[in-house]
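S.K.: Okay, handing you the structure first.
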Amino acid sequence: MLFGGRSAEHDVSCISARHVLAAADPDTYEIVPVGIARDGQWMSADSSAAALAVGSLGDRLDPNGPAWDPFPRLAEMSAEGPVVVFPLVHGPFGEDGTLQGLLEMADIPYVGSGVLGSALAMDKLAAKEIVTHHGLPQARYRGLHADQLTEKGSEGHRATLESLLSELGPRVFVKPANLGSSVGVAPAGDVTSLDAALADAASYDEWVVVEEAVTGREIELAVLGDRIPQVSGPGEIRPGEAFYSYADKYETDAAELIDEPDLAPDITVGFQEMAARAFIALRCSGMARVDFFLADDGRMLLNEVNTIPGFTPISMYPRLWQKAGLSYPALIDRLVDLALERHARRRRNTER
Ligand SMILES: Nc1ncnc2c1ncn2[C@@H]1O[C@H](COP(=O)(O)OP(=O)(O)O)[C@@H](O)[C@H]1O
Ligand SMILES: [Mg+2]
């Protein structure tokens, strides 16, 4: 079980890891926790277990302690029985295909999407472009590269800002293409606030997405499986702030997570179909949480697909499955089975 990592979601990952560790059946699994510290250093199993016992990794407990060298140990463990890696690391260098690539190279089965699915779902702009191709409704958007924003103060710059507002406004949302946890996400309603929001978003990623601000409800569904995935019932997020911000997600208790939202049956079915289609279009496998807006004008809009959703006890993903009759430990079993099946399939394809 890999957890921690270099992203803003380090702490959430640690909480998720603690609960997966507690929930997984000890008669079935021997779980080896492997923490990745904020500086990217992989920790040994012993210091990882010690860190989980006290809460989160924070900084490395023992900076001089032995670092984990993943490949030799994994090979040793594989000789004793099947090894599956559960990458519970959110955001860049965890959810974006890089870690998945490392695991492919090592030929180790792992939970969740592969390299392509992870990378596509992580990049909000690439995901939007693919999903557009598949005809799924989304908020109107435009992608920009940081290069297009350089000549600050120039007439061209002002014209770019004005055209974004007239095309997508009056209010827009600005976000870095490759991040999560609402970091760098901000609304804007005029040239000045848009300018500031773009500069901030472009400090996180060279690709930035600007989209129409949607007024409505935020609906999330859990997807589990592979080519023909299962989809849970819907959940709803009621942000405690003006939008579902970083503080709202992790710092305050103001946001409400509702696992039985009031939705007409045809709307629920529509979201379920869209969730499965988005999962398949983005080449996801294993698991994903698919997030939507139900706009006040009735439009059902895909927002984003998260390939490594939170696994804390209050997280939407395990909660939606619990609601559907799949307990937390049974969910882990299913994810591990899917990882082994996918690995066996890939092996058959590459060994030909
Ligand atoms: N187009 C939009 N209209 C209205 N609110 C939005 C829009 N895009 C994002 N938000 C708000 O910002 C939050 C974070 O944006 P999101 O695209 O989900 O990024 P992240 O990957 O950081 O979660 C959303 O949950 C929602 O509250
Ligand atoms: Mg989101």
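In the structure tokens, the first chain shown is A, the next is B, and so on; residue numbers restart at 1 for each chain, and ligands run from 1 in the order shown.
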Quick one: residues within 7 Å of region 334-344 of chain A, only C-alpha atoms counted, chain neighbours fewer than 3 positions away excluded, as a PDB file with C-alpha atoms, in the first residue's frame?

M.R.:
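Output contents, as saved in result.pdb:
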ATOM      1  CA  VAL A  84      -0.781  -6.189  -5.530  1.00  0.00           C
ATOM      2  CA  PRO A 109      -0.306  -5.750 -10.467  1.00  0.00           C
ATOM      3  CA  TYR A 110      -1.821  -2.581  -9.013  1.00  0.00           C
ATOM      4  CA  VAL A 111      -5.246  -1.272  -8.092  1.00  0.00           C
ATOM      5  CA  GLY A 112      -6.943   1.224 -10.383  1.00  0.00           C
ATOM      6  CA  GLY A 225     -14.942  -2.664 -12.627  1.00  0.00           C
ATOM      7  CA  GLY A 286     -10.700  -0.654 -11.444  1.00  0.00           C
ATOM      8  CA  ALA A 330     -15.468  -6.337   0.328  1.00  0.00           C
ATOM      9  CA  LEU A 331     -14.673  -3.282  -1.799  1.00  0.00           C
ATOM     10  CA  ARG A 347       0.533 -10.282 -19.506  1.00  0.00           C
ATOM     11  CA  ARG A 348      -1.319 -12.383 -22.060  1.00  0.00           C
TER      12      ARG A 348
END

S.K.: Quick one: pick out all helix (DSSP H, G or I) residues within region 118-326 of chain A from a backbone DSSP run and write them as a ChimeraX atom specification.

M.R.: /A:118-122,124-133,146-149,155-168,191-202,246-251,265-281,316-323

S.K.: Could I get the residues of chain A with an atom no further than 7 Å from an atom of ligand 1, each paired with its nearest atom pair and that distance in Å to one decimal, using only C-alpha atoms and all ligand atoms, sorted by chain and residue number, as JSON lines?

M.R.:
{"residue": "A:Ala139", "atom": "CA", "partner": "ligand 1", "partner_atom_place_in_ligand_line": "1 (N)", "distance": 5.9}
{"residue": "A:Val172", "atom": "CA", "partner": "ligand 1", "partner_atom_place_in_ligand_line": "1 (N)", "distance": 6.6}
{"residue": "A:Phe173", "atom": "CA", "partner": "ligand 1", "partner_atom_place_in_ligand_line": "1 (N)", "distance": 5.2}
{"residue": "A:Lys175", "atom": "CA", "partner": "ligand 1", "partner_atom_place_in_ligand_line": "17 (O)", "distance": 7.0}
{"residue": "A:Leu179", "atom": "CA", "partner": "ligand 1", "partner_atom_place_in_ligand_line": "21 (O)", "distance": 6.0}
{"residue": "A:Gly180", "atom": "CA", "partner": "ligand 1", "partner_atom_place_in_ligand_line": "22 (O)", "distance": 3.4}
{"residue": "A:Ser181", "atom": "CA", "partner": "ligand 1", "partner_atom_place_in_ligand_line": "22 (O)", "distance": 3.9}
{"residue": "A:Ser182", "atom": "CA", "partner": "ligand 1", "partner_atom_place_in_ligand_line": "22 (O)", "distance": 3.0}
{"residue": "A:Val183", "atom": "CA", "partner": "ligand 1", "partner_atom_place_in_ligand_line": "22 (O)", "distance": 5.6}
{"residue": "A:Val185", "atom": "CA", "partner": "ligand 1", "partner_atom_place_in_ligand_line": "15 (O)", "distance": 6.1}
{"residue": "A:Glu211", "atom": "CA", "partner": "ligand 1", "partner_atom_place_in_ligand_line": "1 (N)", "distance": 5.2}
{"residue": "A:Glu212", "atom": "CA", "partner": "ligand 1", "partner_atom_place_in_ligand_line": "1 (N)", "distance": 5.1}
{"residue": "A:Ala213", "atom": "CA", "partner": "ligand 1", "partner_atom_place_in_ligand_line": "3 (N)", "distance": 3.5}
{"residue": "A:Val214", "atom": "CA", "partner": "ligand 1", "partner_atom_place_in_ligand_line": "3 (N)", "distance": 3.7}
{"residue": "A:Thr215", "atom": "CA", "partner": "ligand 1", "partner_atom_place_in_ligand_line": "4 (C)", "distance": 6.0}
{"residue": "A:Glu218", "atom": "CA", "partner": "ligand 1", "partner_atom_place_in_ligand_line": "25 (O)", "distance": 6.9}
{"residue": "A:Pro239", "atom": "CA", "partner": "ligand 1", "partner_atom_place_in_ligand_line": "27 (O)", "distance": 6.7}
{"residue": "A:Phe243", "atom": "CA", "partner": "ligand 1", "partner_atom_place_in_ligand_line": "27 (O)", "distance": 3.9}
{"residue": "A:Tyr244", "atom": "CA", "partner": "ligand 1", "partner_atom_place_in_ligand_line": "27 (O)", "distance": 3.6}
{"residue": "A:Ser245", "atom": "CA", "partner": "ligand 1", "partner_atom_place_in_ligand_line": "13 (C)", "distance": 5.8}
{"residue": "A:Asn303", "atom": "CA", "partner": "ligand 1", "partner_atom_place_in_ligand_line": "17 (O)", "distance": 6.1}
{"residue": "A:Glu304", "atom": "CA", "partner": "ligand 1", "partner_atom_place_in_ligand_line": "18 (O)", "distance": 6.1}

S.K.: Can you work out which one of A:Pro176, A:Gly81, A:Pro170, A:Pro261 has the shortest atom-to-atom distance to ligand 2, counting only C-alpha atoms and all ligand atoms?

M.R.: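 The answer is A:Pro176, which sits nearest to ligand 2.
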
S.K.: Using CA of Asp333 (chain A) and CA of Val20 (chain A) as the two end points, give the distance in Å to one decimal.

M.R.: 11.0 Å

S.K.: Identify, on the basis of only C-alpha atoms, every residue whose closest approach to Thr312 (chain A) does not exceed 10 Å; exclude the query and any residue fewer than 5 positions from it along the same chain; express the result as a ChimeraX atom specification.

M.R.: /A:12-20,317-319

S.K.: Would you write out those residues with N, CA and C atoms, as an mmCIF file, in the first residue's frame?

M.R.:
data_model
loop_
_atom_site.group_PDB
_atom_site.id
_atom_site.type_symbol
_atom_site.label_atom_id
_atom_site.label_comp_id
_atom_site.auth_asym_id
_atom_site.auth_seq_id
_atom_site.Cartn_x
_atom_site.Cartn_y
_atom_site.Cartn_z
ATOM 1 N N VAL A 12 -4.592 13.618 3.250
ATOM 2 C CA VAL A 12 -5.796 12.824 2.960
ATOM 3 C C VAL A 12 -5.378 11.398 2.646
ATOM 4 N N SER A 13 -4.318 11.278 1.872
ATOM 5 C CA SER A 13 -3.826 9.965 1.506
ATOM 6 C C SER A 13 -3.467 9.158 2.750
ATOM 7 N N CYS A 14 -2.842 9.808 3.726
ATOM 8 C CA CYS A 14 -2.462 9.101 4.963
ATOM 9 C C CYS A 14 -3.700 8.611 5.717
ATOM 10 N N ILE A 15 -4.735 9.438 5.743
ATOM 11 C CA ILE A 15 -5.971 9.029 6.435
ATOM 12 C C ILE A 15 -6.596 7.842 5.705
ATOM 13 N N SER A 16 -6.635 7.929 4.371
ATOM 14 C CA SER A 16 -7.181 6.820 3.568
ATOM 15 C C SER A 16 -6.401 5.540 3.861
ATOM 16 N N ALA A 17 -5.076 5.656 3.879
ATOM 17 C CA ALA A 17 -4.218 4.483 4.068
ATOM 18 C C ALA A 17 -4.482 3.825 5.411
ATOM 19 N N ARG A 18 -4.649 4.653 6.452
ATOM 20 C CA ARG A 18 -4.892 4.100 7.778
ATOM 21 C C ARG A 18 -6.176 3.268 7.783
ATOM 22 N N HIS A 19 -7.183 3.743 7.043
ATOM 23 C CA HIS A 19 -8.457 3.025 7.062
ATOM 24 C C HIS A 19 -8.444 1.789 6.184
ATOM 25 N N VAL A 20 -7.720 1.831 5.089
ATOM 26 C CA VAL A 20 -7.596 0.623 4.274
ATOM 27 C C VAL A 20 -6.846 -0.441 5.085
ATOM 28 N N TYR A 317 -16.468 7.773 -2.076
ATOM 29 C CA TYR A 317 -16.331 6.535 -2.851
ATOM 30 C C TYR A 317 -16.708 5.285 -2.039
ATOM 31 N N PRO A 318 -16.044 5.023 -0.892
ATOM 32 C CA PRO A 318 -16.442 3.834 -0.126
ATOM 33 C C PRO A 318 -17.861 3.950 0.426
ATOM 34 N N ARG A 319 -18.271 5.177 0.739
ATOM 35 C CA ARG A 319 -19.632 5.346 1.291
ATOM 36 C C ARG A 319 -20.698 4.967 0.282
#
